[in-house]
>>> print(open('query25.csv').read())   # CSV, N, CA and C atoms
chain,number,residue,atom,x,y,z
A,937,SER,N,36.6,102.4,28.1
A,937,SER,CA,37.5,101.5,27.5
A,937,SER,C,38.2,102.2,26.4
A,938,THR,N,39.4,101.7,26.0
A,938,THR,CA,40.2,102.2,25.0
A,938,THR,C,39.9,101.5,23.6
A,939,GLN,N,39.8,102.3,22.5
A,939,GLN,CA,39.5,101.7,21.2
A,939,GLN,C,40.7,101.9,20.3
A,940,SER,N,40.9,100.9,19.4
A,940,SER,CA,41.9,101.0,18.4
A,940,SER,C,41.3,100.4,17.1
A,941,THR,N,42.0,100.5,16.0
A,941,THR,CA,41.6,99.9,14.8
A,941,THR,C,41.5,98.4,14.9
A,942,TRP,N,42.3,97.9,15.8
A,942,TRP,CA,42.5,96.4,15.9
A,942,TRP,C,41.6,95.8,17.1
A,943,GLY,N,40.7,96.6,17.6
A,943,GLY,CA,39.8,96.1,18.6
A,943,GLY,C,39.9,96.8,19.9
A,944,LYS,N,39.2,96.3,20.9
A,944,LYS,CA,39.2,97.0,22.2
A,944,LYS,C,40.3,96.5,23.0
A,945,ARG,N,40.9,97.4,23.7
A,945,ARG,CA,41.8,97.0,24.8
A,945,ARG,C,40.9,97.0,26.0
A,946,ARG,N,40.8,95.8,26.6
A,946,ARG,CA,39.8,95.7,27.8
A,946,ARG,C,40.4,96.4,29.0
A,947,ARG,N,39.6,97.3,29.5
A,947,ARG,CA,40.0,98.1,30.7
A,947,ARG,C,38.8,98.0,31.6
A,948,CYS,N,39.0,97.5,32.8
A,948,CYS,CA,37.9,97.3,33.7
A,948,CYS,C,37.6,98.7,34.4
A,949,SER,N,36.4,98.8,34.8
A,949,SER,CA,36.0,100.0,35.5
A,949,SER,C,36.5,100.0,36.9
A,950,GLU,N,36.4,101.1,37.6
A,950,GLU,CA,37.0,101.2,38.9
A,950,GLU,C,36.2,100.2,39.9
A,951,SER,N,34.9,100.0,39.7
A,951,SER,CA,34.2,99.1,40.5
A,951,SER,C,34.6,97.7,40.3
A,952,GLU,N,34.8,97.3,39.0
A,952,GLU,CA,35.3,96.0,38.6
A,952,GLU,C,36.7,95.7,39.2
A,953,THR,N,37.5,96.7,39.2
A,953,THR,CA,38.9,96.6,39.7
A,953,THR,C,38.8,96.3,41.2
A,954,LYS,N,37.9,97.0,41.9
A,954,LYS,CA,37.8,96.8,43.4
A,954,LYS,C,37.4,95.4,43.7
A,955,LYS,N,36.5,94.8,42.8
A,955,LYS,CA,36.0,93.5,43.0
A,955,LYS,C,37.1,92.5,42.9
A,956,LYS,N,38.1,92.7,42.0
A,956,LYS,CA,39.2,91.8,41.8
A,956,LYS,C,40.1,91.8,43.0
A,957,LYS,N,40.4,93.0,43.5
A,957,LYS,CA,41.3,93.1,44.6
A,957,LYS,C,41.3,94.6,45.0
A,958,LYS,N,41.4,94.8,46.3
A,958,LYS,CA,41.5,96.2,46.7
A,958,LYS,C,42.8,96.8,46.3
A,959,LYS,N,42.7,97.9,45.6
A,959,LYS,CA,43.9,98.6,45.1
A,959,LYS,C,43.8,100.1,45.4
A,960,LYS,N,45.0,100.7,45.2
A,960,LYS,CA,45.0,102.2,45.3
A,960,LYS,C,44.1,102.7,44.2
A,961,LYS,N,43.6,103.9,44.4
A,961,LYS,CA,42.7,104.5,43.4
A,961,LYS,C,43.3,104.7,42.1
A,962,LYS,N,44.6,105.0,42.0
A,962,LYS,CA,45.1,105.3,40.7
A,962,LYS,C,45.6,104.0,39.9
A,963,ASP,N,45.4,102.8,40.5
A,963,ASP,CA,45.7,101.6,39.8
A,963,ASP,C,44.6,101.3,38.8
A,964,PHE,N,45.0,100.6,37.7
A,964,PHE,CA,43.9,100.1,36.8
A,964,PHE,C,44.4,98.8,36.3
A,965,PHE,N,43.4,98.0,35.8
A,965,PHE,CA,43.5,96.6,35.5
A,965,PHE,C,43.1,96.5,34.0
A,966,TRP,N,43.9,95.8,33.2
A,966,TRP,CA,43.5,95.5,31.9
A,966,TRP,C,44.1,94.2,31.4
A,967,MET,N,43.6,93.6,30.3
A,967,MET,CA,43.9,92.3,29.9
A,967,MET,C,44.3,92.2,28.5
A,968,PRO,N,45.6,92.4,28.2
A,968,PRO,CA,46.1,92.2,26.8
A,968,PRO,C,46.2,90.7,26.5
A,969,ILE,N,46.4,90.4,25.2
A,969,ILE,CA,46.6,89.1,24.8
A,969,ILE,C,48.1,88.8,24.6
A,970,VAL,N,48.5,87.6,25.2
A,970,VAL,CA,49.9,87.2,25.1
A,970,VAL,C,50.0,86.0,24.2
A,971,HIS,N,50.8,86.0,23.2
A,971,HIS,CA,51.1,85.0,22.2
A,971,HIS,C,52.5,84.4,22.6
A,972,LEU,N,52.5,83.2,23.0
A,972,LEU,CA,53.8,82.6,23.4
A,972,LEU,C,54.1,81.4,22.5
A,973,VAL,N,55.3,81.4,21.9
A,973,VAL,CA,55.7,80.3,21.0
A,973,VAL,C,57.0,79.8,21.5
A,974,LEU,N,57.1,78.5,21.7
A,974,LEU,CA,58.3,77.8,22.0
A,974,LEU,C,58.8,77.0,20.7
A,975,PHE,N,60.1,77.2,20.4
A,975,PHE,CA,60.6,76.6,19.2
A,975,PHE,C,61.7,75.5,19.6
A,976,LYS,N,61.8,74.6,18.7
A,976,LYS,CA,62.9,73.6,18.7
A,976,LYS,C,63.7,73.8,17.4
A,977,PHE,N,64.9,74.5,17.5
A,977,PHE,CA,65.7,74.7,16.4
A,977,PHE,C,66.8,73.7,16.4
A,978,ARG,N,67.3,73.3,15.3
A,978,ARG,CA,68.5,72.4,15.2
A,978,ARG,C,69.7,73.1,15.8
A,979,HIS,N,70.5,72.4,16.6
A,979,HIS,CA,71.6,73.0,17.2
A,979,HIS,C,72.6,73.7,16.3
A,980,GLU,N,72.8,73.2,15.1
A,980,GLU,CA,73.7,73.8,14.2
A,980,GLU,C,73.1,75.1,13.6
A,981,CYS,N,71.9,75.4,13.9
A,981,CYS,CA,71.3,76.7,13.4
A,981,CYS,C,71.2,77.8,14.5
A,982,PHE,N,71.7,77.5,15.7
A,982,PHE,CA,71.6,78.4,16.8
A,982,PHE,C,72.3,79.8,16.5
A,983,GLU,N,73.5,79.7,15.9
A,983,GLU,CA,74.2,81.0,15.6
A,983,GLU,C,73.4,81.8,14.6
A,984,ARG,N,72.8,81.1,13.6
A,984,ARG,CA,72.0,81.9,12.6
A,984,ARG,C,70.8,82.5,13.2
A,985,ILE,N,70.0,81.7,14.0
A,985,ILE,CA,68.7,82.3,14.6
A,985,ILE,C,69.1,83.3,15.6
A,986,ASN,N,70.1,83.1,16.4
A,986,ASN,CA,70.5,84.2,17.4
A,986,ASN,C,70.9,85.5,16.7
A,987,SER,N,71.6,85.4,15.6
A,987,SER,CA,72.0,86.6,14.9
A,987,SER,C,70.8,87.3,14.2
A,988,GLN,N,69.7,86.6,14.0
A,988,GLN,CA,68.5,87.2,13.4
A,988,GLN,C,67.5,87.7,14.4
A,989,THR,N,67.7,87.4,15.6
A,989,THR,CA,66.7,87.7,16.7
A,989,THR,C,66.3,89.2,16.7
A,990,GLY,N,67.3,90.1,16.7
A,990,GLY,CA,67.0,91.5,16.7
A,990,GLY,C,66.1,92.0,15.6
A,991,ALA,N,66.5,91.5,14.4
A,991,ALA,CA,65.7,91.9,13.2
A,991,ALA,C,64.3,91.3,13.2
A,992,VAL,N,64.2,90.1,13.7
A,992,VAL,CA,62.8,89.5,13.7
A,992,VAL,C,62.0,90.3,14.7
A,993,VAL,N,62.5,90.6,15.9
A,993,VAL,CA,61.8,91.3,16.9
A,993,VAL,C,61.4,92.7,16.4
A,994,ALA,N,62.3,93.4,15.7
A,994,ALA,CA,62.0,94.7,15.1
A,994,ALA,C,60.8,94.6,14.1
A,995,ARG,N,60.9,93.6,13.3
A,995,ARG,CA,59.8,93.4,12.2
A,995,ARG,C,58.5,93.2,12.9
A,996,ILE,N,58.4,92.3,13.9
A,996,ILE,CA,57.1,92.0,14.5
A,996,ILE,C,56.6,93.3,15.3
A,997,ARG,N,57.5,94.0,15.9
A,997,ARG,CA,57.1,95.1,16.8
A,997,ARG,C,56.4,96.2,15.9
A,998,ARG,N,56.7,96.3,14.7
A,998,ARG,CA,56.1,97.3,13.8
A,998,ARG,C,54.7,97.0,13.4
A,999,LEU,N,54.2,95.7,13.6
A,999,LEU,CA,52.9,95.3,13.1
A,999,LEU,C,51.8,96.0,14.0
A,1000,PRO,N,50.7,96.2,13.3
A,1000,PRO,CA,49.5,96.8,14.0
A,1000,PRO,C,49.1,96.0,15.2
A,1001,GLY,N,48.8,96.7,16.3
A,1001,GLY,CA,48.2,96.0,17.5
A,1001,GLY,C,49.2,95.3,18.4
A,1002,VAL,N,50.5,95.4,18.1
A,1002,VAL,CA,51.6,94.8,18.9
A,1002,VAL,C,52.0,95.8,19.9
A,1003,LEU,N,52.0,95.3,21.2
A,1003,LEU,CA,52.5,96.2,22.3
A,1003,LEU,C,54.0,95.9,22.6
A,1004,THR,N,54.3,94.6,22.8
A,1004,THR,CA,55.7,94.2,23.1
A,1004,THR,C,56.1,92.9,22.4
A,1005,VAL,N,57.4,92.8,22.2
A,1005,VAL,CA,57.9,91.5,21.6
A,1005,VAL,C,59.2,91.2,22.3
A,1006,SER,N,59.4,89.9,22.6
A,1006,SER,CA,60.7,89.5,23.1
A,1006,SER,C,61.0,88.1,22.6
A,1007,MET,N,62.2,87.8,22.4
A,1007,MET,CA,62.6,86.5,21.9
A,1007,MET,C,64.0,86.2,22.4
A,1008,GLY,N,64.2,84.9,22.7
A,1008,GLY,CA,65.5,84.6,23.3
A,1008,GLY,C,65.8,83.1,23.3
A,1009,GLU,N,67.0,82.7,23.6
A,1009,GLU,CA,67.4,81.3,23.6
A,1009,GLU,C,67.3,80.8,25.1
A,1010,ASN,N,66.8,79.6,25.2
A,1010,ASN,CA,66.7,79.0,26.6
A,1010,ASN,C,68.1,78.8,27.2
A,1011,TYR,N,68.2,78.9,28.5
A,1011,TYR,CA,69.5,78.7,29.1
A,1011,TYR,C,69.4,77.7,30.3
A,1012,THR,N,68.2,77.1,30.4
A,1012,THR,CA,68.0,76.1,31.5
A,1012,THR,C,68.0,74.7,31.0
A,1013,THR,N,67.9,73.7,31.9
A,1013,THR,CA,67.8,72.3,31.5
A,1013,THR,C,66.4,71.8,31.6
A,1014,ARG,N,65.4,72.6,31.9
A,1014,ARG,CA,64.1,72.2,32.1
A,1014,ARG,C,63.1,72.5,30.9
A,1015,SER,N,63.6,72.7,29.7
A,1015,SER,CA,62.8,73.2,28.6
A,1015,SER,C,62.2,72.1,27.7
A,1016,LEU,N,62.5,70.8,28.1
A,1016,LEU,CA,61.9,69.7,27.3
A,1016,LEU,C,62.4,69.7,25.9
A,1017,GLY,N,63.5,70.3,25.6
A,1017,GLY,CA,64.1,70.3,24.2
A,1017,GLY,C,63.7,71.6,23.5
A,1018,TYR,N,62.9,72.4,24.0
A,1018,TYR,CA,62.6,73.7,23.3
A,1018,TYR,C,63.8,74.6,23.5
A,1019,THR,N,64.2,75.2,22.4
A,1019,THR,CA,65.5,75.9,22.5
A,1019,THR,C,65.3,77.5,22.5
A,1020,HIS,N,64.2,78.0,22.0
A,1020,HIS,CA,64.0,79.4,21.9
A,1020,HIS,C,62.5,79.7,22.2
A,1021,ALA,N,62.3,80.9,22.7
A,1021,ALA,CA,60.9,81.4,22.9
A,1021,ALA,C,60.7,82.7,22.3
A,1022,LEU,N,59.4,83.0,21.9
A,1022,LEU,CA,59.0,84.2,21.3
A,1022,LEU,C,57.7,84.6,22.1
A,1023,THR,N,57.6,85.8,22.6
A,1023,THR,CA,56.4,86.3,23.3
A,1023,THR,C,56.0,87.6,22.6
A,1024,VAL,N,54.8,87.7,22.2
A,1024,VAL,CA,54.2,88.9,21.6
A,1024,VAL,C,53.0,89.3,22.3
A,1025,THR,N,52.9,90.5,22.8
A,1025,THR,CA,51.7,91.0,23.5
A,1025,THR,C,50.9,91.9,22.6
A,1026,PHE,N,49.6,91.7,22.5
A,1026,PHE,CA,48.7,92.4,21.6
A,1026,PHE,C,47.7,93.2,22.4
A,1027,VAL,N,47.1,94.2,21.8
A,1027,VAL,CA,46.1,95.0,22.5
A,1027,VAL,C,44.8,94.3,22.6
A,1028,SER,N,44.5,93.3,21.7
A,1028,SER,CA,43.2,92.6,21.7
A,1028,SER,C,43.3,91.2,21.0
A,1029,LYS,N,42.3,90.4,21.1
A,1029,LYS,CA,42.2,89.2,20.4
A,1029,LYS,C,42.2,89.4,18.9
A,1030,GLU,N,41.5,90.5,18.5
A,1030,GLU,CA,41.4,90.8,17.1
A,1030,GLU,C,42.8,91.1,16.5
A,1031,ALA,N,43.6,91.8,17.3
A,1031,ALA,CA,45.0,92.2,16.8
A,1031,ALA,C,45.8,90.9,16.7
A,1032,GLU,N,45.6,89.9,17.6
A,1032,GLU,CA,46.4,88.7,17.5
A,1032,GLU,C,45.9,87.9,16.3
A,1033,ALA,N,44.6,87.9,16.0
A,1033,ALA,CA,44.1,87.1,14.8
A,1033,ALA,C,44.6,87.8,13.5
A,1034,ALA,N,44.6,89.1,13.5
A,1034,ALA,CA,45.1,89.8,12.3
A,1034,ALA,C,46.6,89.5,12.1
A,1035,TYR,N,47.4,89.4,13.2
A,1035,TYR,CA,48.8,89.1,13.1
A,1035,TYR,C,49.1,87.7,12.5
A,1036,GLN,N,48.2,86.8,12.8
A,1036,GLN,CA,48.4,85.4,12.3
A,1036,GLN,C,48.4,85.3,10.8
A,1037,VAL,N,47.7,86.2,10.1
A,1037,VAL,CA,47.6,86.2,8.7
A,1037,VAL,C,48.3,87.3,8.0
A,1038,HIS,N,49.0,88.2,8.8
A,1038,HIS,CA,49.7,89.3,8.2
A,1038,HIS,C,50.9,88.8,7.4
A,1039,ALA,N,51.1,89.4,6.3
A,1039,ALA,CA,52.2,89.0,5.4
A,1039,ALA,C,53.6,89.0,6.0
A,1040,GLU,N,53.8,89.9,6.9
A,1040,GLU,CA,55.1,90.0,7.6
A,1040,GLU,C,55.3,88.8,8.5
A,1041,HIS,N,54.3,88.4,9.3
A,1041,HIS,CA,54.3,87.3,10.2
A,1041,HIS,C,54.5,86.0,9.4
A,1042,VAL,N,53.7,85.8,8.3
A,1042,VAL,CA,53.8,84.6,7.5
A,1042,VAL,C,55.2,84.5,6.9
A,1043,ASP,N,55.8,85.6,6.4
A,1043,ASP,CA,57.2,85.6,5.9
A,1043,ASP,C,58.2,85.1,6.9
A,1044,ILE,N,58.1,85.7,8.1
A,1044,ILE,CA,59.0,85.3,9.2
A,1044,ILE,C,58.9,83.8,9.5
A,1045,ARG,N,57.6,83.4,9.7
A,1045,ARG,CA,57.4,82.0,10.0
A,1045,ARG,C,57.9,81.0,8.9
A,1046,ASP,N,57.5,81.3,7.7
A,1046,ASP,CA,57.8,80.4,6.6
A,1046,ASP,C,59.3,80.5,6.0
A,1047,ASN,N,59.9,81.6,6.1
A,1047,ASN,CA,61.2,81.8,5.5
A,1047,ASN,C,62.4,82.0,6.5
A,1048,ILE,N,62.1,82.2,7.7
A,1048,ILE,CA,63.2,82.3,8.7
A,1048,ILE,C,63.1,81.1,9.7
A,1049,PHE,N,61.9,80.9,10.3
A,1049,PHE,CA,61.8,79.9,11.4
A,1049,PHE,C,61.7,78.4,10.8
A,1050,ARG,N,60.8,78.2,9.9
A,1050,ARG,CA,60.6,76.8,9.4
A,1050,ARG,C,61.8,76.2,8.8
A,1051,PRO,N,62.6,76.9,8.0
A,1051,PRO,CA,63.8,76.3,7.4
A,1051,PRO,C,64.8,75.8,8.4
A,1052,LEU,N,64.8,76.4,9.6
A,1052,LEU,CA,65.8,76.1,10.6
A,1052,LEU,C,65.2,75.0,11.5
A,1053,GLN,N,64.0,74.5,11.2
A,1053,GLN,CA,63.4,73.4,12.0
A,1053,GLN,C,63.1,72.2,11.3
A,1054,GLN,N,63.7,72.0,10.1
A,1054,GLN,CA,63.4,70.8,9.3
A,1054,GLN,C,63.9,69.6,10.0
A,1055,ASP,N,63.1,68.5,9.9
A,1055,ASP,CA,63.4,67.3,10.6
A,1055,ASP,C,63.4,67.3,12.1
A,1056,VAL,N,62.8,68.3,12.7
A,1056,VAL,CA,62.7,68.4,14.2
A,1056,VAL,C,61.3,68.1,14.6
A,1057,PRO,N,61.1,66.9,15.4
A,1057,PRO,CA,59.8,66.6,15.8
A,1057,PRO,C,59.3,67.6,16.9
A,1058,ASP,N,58.0,67.8,16.9
A,1058,ASP,CA,57.4,68.7,17.9
A,1058,ASP,C,58.1,70.1,17.9
A,1059,ARG,N,58.3,70.6,16.7
A,1059,ARG,CA,59.1,71.8,16.6
A,1059,ARG,C,58.6,73.1,17.1
A,1060,VAL,N,57.2,73.2,17.3
A,1060,VAL,CA,56.6,74.4,17.8
A,1060,VAL,C,55.5,74.1,18.8
A,1061,LEU,N,55.5,74.9,19.9
A,1061,LEU,CA,54.4,74.8,20.8
A,1061,LEU,C,53.9,76.3,21.0
A,1062,ALA,N,52.7,76.5,20.6
A,1062,ALA,CA,52.1,77.9,20.7
A,1062,ALA,C,51.0,77.9,21.7
A,1063,MET,N,50.8,79.1,22.3
A,1063,MET,CA,49.7,79.3,23.3
A,1063,MET,C,49.4,80.8,23.3
A,1064,ASP,N,48.1,81.0,23.4
A,1064,ASP,CA,47.6,82.4,23.5
A,1064,ASP,C,46.7,82.5,24.7
A,1065,TYR,N,46.9,83.6,25.5
A,1065,TYR,CA,46.1,83.8,26.6
A,1065,TYR,C,45.9,85.3,26.9
A,1066,GLU,N,44.8,85.5,27.7
A,1066,GLU,CA,44.5,86.8,28.1
A,1066,GLU,C,45.2,87.1,29.5
A,1067,ALA,N,46.1,88.0,29.5
A,1067,ALA,CA,46.9,88.2,30.7
A,1067,ALA,C,46.2,89.3,31.6
A,1068,GLU,N,46.3,89.0,32.9
A,1068,GLU,CA,45.8,90.0,33.8
A,1068,GLU,C,46.9,90.9,34.2
A,1069,ILE,N,46.8,92.2,33.9
A,1069,ILE,CA,47.9,93.2,34.1
A,1069,ILE,C,47.4,94.2,35.1
A,1070,LEU,N,48.1,94.5,36.1
A,1070,LEU,CA,47.8,95.5,37.1
A,1070,LEU,C,48.9,96.6,36.9
A,1071,SER,N,48.4,97.8,36.6
A,1071,SER,CA,49.4,98.9,36.4
A,1071,SER,C,49.0,100.0,37.4
A,1072,ASN,N,50.0,100.7,38.0
A,1072,ASN,CA,49.7,101.8,38.8
A,1072,ASN,C,50.1,103.1,38.2
A,1073,GLU,N,49.5,103.3,37.0
A,1073,GLU,CA,49.7,104.6,36.3
A,1073,GLU,C,48.9,105.7,37.0
>>> encode(input="query25.csv", output="structure tokens")
Amino acid sequence: STQSTWGKRRRCSESETKKKKKKKKKDFFWMPIVHLVLFKFRHECFERINSQTGAVVARIRRLPGVLTVSMGENYTTRSLGYTHALTVTFVSKEAEAAYQVHAEHVDIRDNIFRPLQQDVPDRVLAMDYEAEILSNE
């Protein structure tokens, strides 16, 4: 298994991988943590939040334990009013927990996102899960 300061990145052994599904020998299976957040921003704030997306993603990407970050505006009619989504992938549950209290995350949440959501009911829906990733490295 792979170690980091922010916890273990779970990597299954070859025998565990075969139990999950028969794969080529060079495939490996691991389970990062995915943090998914759906936002409802006021429509008059779309231009502002969209102009800040790149900077927000860059700030989050630099945090310890973060593997990937993406954020964007919804373009479908099936979002139940949620206007934007943020997805952050972490190496471990410990890294996700550390992110939640990290000063950079708290600043983004409290000073960028929340002011653009005032008076919006059900403004955030967040979910964290362990993702099954198959890679053929």
>>> select_by_dssp(input="query25.csv", residues="range 965-997 of chain A", states="strand (DSSP E)", output="MDAnalysis selection string")
chainID A and resid 965:966 969:975
>>> write_last_selection(input="query25.csv", atoms="N, CA and C atoms", output="tab-separated table (two decimals), keeping the file's coordinate frame")
chain	number	residue	atom	x	y	z
A	965	PHE	N	43.40	98.00	35.80
A	965	PHE	CA	43.50	96.60	35.50
A	965	PHE	C	43.10	96.50	34.00
A	966	TRP	N	43.90	95.80	33.20
A	966	TRP	CA	43.50	95.50	31.90
A	966	TRP	C	44.10	94.20	31.40
A	969	ILE	N	46.40	90.40	25.20
A	969	ILE	CA	46.60	89.10	24.80
A	969	ILE	C	48.10	88.80	24.60
A	970	VAL	N	48.50	87.60	25.20
A	970	VAL	CA	49.90	87.20	25.10
A	970	VAL	C	50.00	86.00	24.20
A	971	HIS	N	50.80	86.00	23.20
A	971	HIS	CA	51.10	85.00	22.20
A	971	HIS	C	52.50	84.40	22.60
A	972	LEU	N	52.50	83.20	23.00
A	972	LEU	CA	53.80	82.60	23.40
A	972	LEU	C	54.10	81.40	22.50
A	973	VAL	N	55.30	81.40	21.90
A	973	VAL	CA	55.70	80.30	21.00
A	973	VAL	C	57.00	79.80	21.50
A	974	LEU	N	57.10	78.50	21.70
A	974	LEU	CA	58.30	77.80	22.00
A	974	LEU	C	58.80	77.00	20.70
A	975	PHE	N	60.10	77.20	20.40
A	975	PHE	CA	60.60	76.60	19.20
A	975	PHE	C	61.70	75.50	19.60
>>> closest_atom_pairs(input="query25.csv", of="range 952-1043 of chain A", to="range 1050-1061 of chain A", cutoff="10 Å", atoms="only C-alpha atoms", output="tab-separated table")
residue	atom	partner	partner_atom	distance
A:Leu972	CA	A:Leu1061	CA	8.2
A:Val973	CA	A:Leu1061	CA	5.7
A:Leu974	CA	A:Leu1061	CA	5.1
A:Phe975	CA	A:Val1060	CA	4.8
A:Lys976	CA	A:Arg1059	CA	4.7
A:Phe977	CA	A:Gln1053	CA	5.1
A:Arg978	CA	A:Gln1053	CA	6.1
A:His979	CA	A:Leu1052	CA	9.3
A:Glu980	CA	A:Leu1052	CA	9.0
A:Cys981	CA	A:Leu1052	CA	6.2
A:Phe982	CA	A:Leu1052	CA	8.8
A:Arg984	CA	A:Leu1052	CA	8.7
A:Ile985	CA	A:Leu1052	CA	7.9
A:Gly1017	CA	A:Arg1059	CA	9.2
A:Tyr1018	CA	A:Arg1059	CA	7.8
A:Thr1019	CA	A:Arg1059	CA	9.6
A:His1020	CA	A:Val1060	CA	9.8
A:Ala1021	CA	A:Leu1061	CA	9.5
>>> atom_distance(input="query25.csv", atom1="CA of Val992 in chain A", atom2="CA of Gln1036 in chain A")
15.0 Å
>>> atom_distance(input="query25.csv", atom1="atom N of Asp1064 in chain A", atom2="CA of Ile996 in chain A")
16.8 Å
>>> residues_around(input="query25.csv", residues="Val970 in chain A", least_positions_apart="6", cutoff="8 Å", atoms="all atoms listed in the file", output="list of chain:residue names")
A:Thr1023, A:Val1024, A:Thr1025, A:Phe1026, A:Val1027, A:Ser1028, A:Lys1029, A:Met1063, A:Asp1064, A:Tyr1065, A:Glu1066, A:Ala1067
>>> atom_distance(input="query25.csv", atom1="CA of Gly1008 in chain A", atom2="CA of Ile1069 in chain A")
22.4 Å
>>> residues_around(input="query25.csv", residues="range 1001-1005 of chain A", least_positions_apart="2", cutoff="9 Å", atoms="only C-alpha atoms", output="MDAnalysis selection string")
chainID A and resid 940:943 968 993:994 996:999 1007 1022:1028 1030:1032 1034:1035
>>> decode(input="query25.csv", residues="range 1050-1063 of chain A", atoms="N, CA, C and O atoms", output="compact mmCIF listing (two decimals), in the first residue's frame")
# COMPACT_ATOMS: atom_id res chain seq x y z
N ARG A 1050 -20.53 31.22 0.30
CA ARG A 1050 -21.70 31.58 1.13
C ARG A 1050 -22.27 32.95 0.81
O ARG A 1050 -23.50 33.09 0.76
N PRO A 1051 -21.47 33.99 0.59
CA PRO A 1051 -22.08 35.30 0.27
C PRO A 1051 -22.91 35.28 -1.01
O PRO A 1051 -23.83 36.07 -1.17
N LEU A 1052 -22.61 34.35 -1.92
CA LEU A 1052 -23.35 34.27 -3.18
C LEU A 1052 -24.58 33.38 -3.07
O LEU A 1052 -25.28 33.15 -4.05
N GLN A 1053 -24.84 32.87 -1.86
CA GLN A 1053 -25.97 31.97 -1.64
C GLN A 1053 -26.94 32.50 -0.61
O GLN A 1053 -27.83 31.78 -0.18
N GLN A 1054 -26.81 33.73 -0.20
CA GLN A 1054 -27.71 34.28 0.80
C GLN A 1054 -29.16 34.17 0.32
O GLN A 1054 -29.45 34.38 -0.85
N ASP A 1055 -30.03 33.82 1.25
CA ASP A 1055 -31.46 33.71 0.99
C ASP A 1055 -31.82 32.62 -0.03
O ASP A 1055 -32.86 32.67 -0.66
N VAL A 1056 -30.94 31.63 -0.20
CA VAL A 1056 -31.23 30.52 -1.11
C VAL A 1056 -31.52 29.29 -0.25
O VAL A 1056 -30.64 28.83 0.49
N PRO A 1057 -32.76 28.74 -0.32
CA PRO A 1057 -33.06 27.53 0.46
C PRO A 1057 -32.33 26.31 -0.10
O PRO A 1057 -32.07 26.23 -1.30
N ASP A 1058 -31.98 25.38 0.78
CA ASP A 1058 -31.27 24.15 0.36
C ASP A 1058 -30.08 24.48 -0.52
O ASP A 1058 -29.88 23.88 -1.57
N ARG A 1059 -29.25 25.40 -0.08
CA ARG A 1059 -28.20 25.94 -0.94
C ARG A 1059 -27.03 25.02 -1.22
O ARG A 1059 -26.30 25.22 -2.17
N VAL A 1060 -26.83 23.99 -0.39
CA VAL A 1060 -25.71 23.08 -0.58
C VAL A 1060 -26.14 21.65 -0.31
O VAL A 1060 -26.88 21.38 0.63
N LEU A 1061 -25.67 20.74 -1.15
CA LEU A 1061 -25.83 19.31 -0.93
C LEU A 1061 -24.44 18.71 -1.09
O LEU A 1061 -23.82 18.86 -2.14
N ALA A 1062 -23.93 18.09 -0.04
CA ALA A 1062 -22.58 17.52 -0.08
C ALA A 1062 -22.64 16.03 0.17
O ALA A 1062 -23.49 15.54 0.93
N MET A 1063 -21.72 15.32 -0.45
CA MET A 1063 -21.65 13.87 -0.31
C MET A 1063 -20.20 13.45 -0.46
O MET A 1063 -19.46 14.00 -1.28
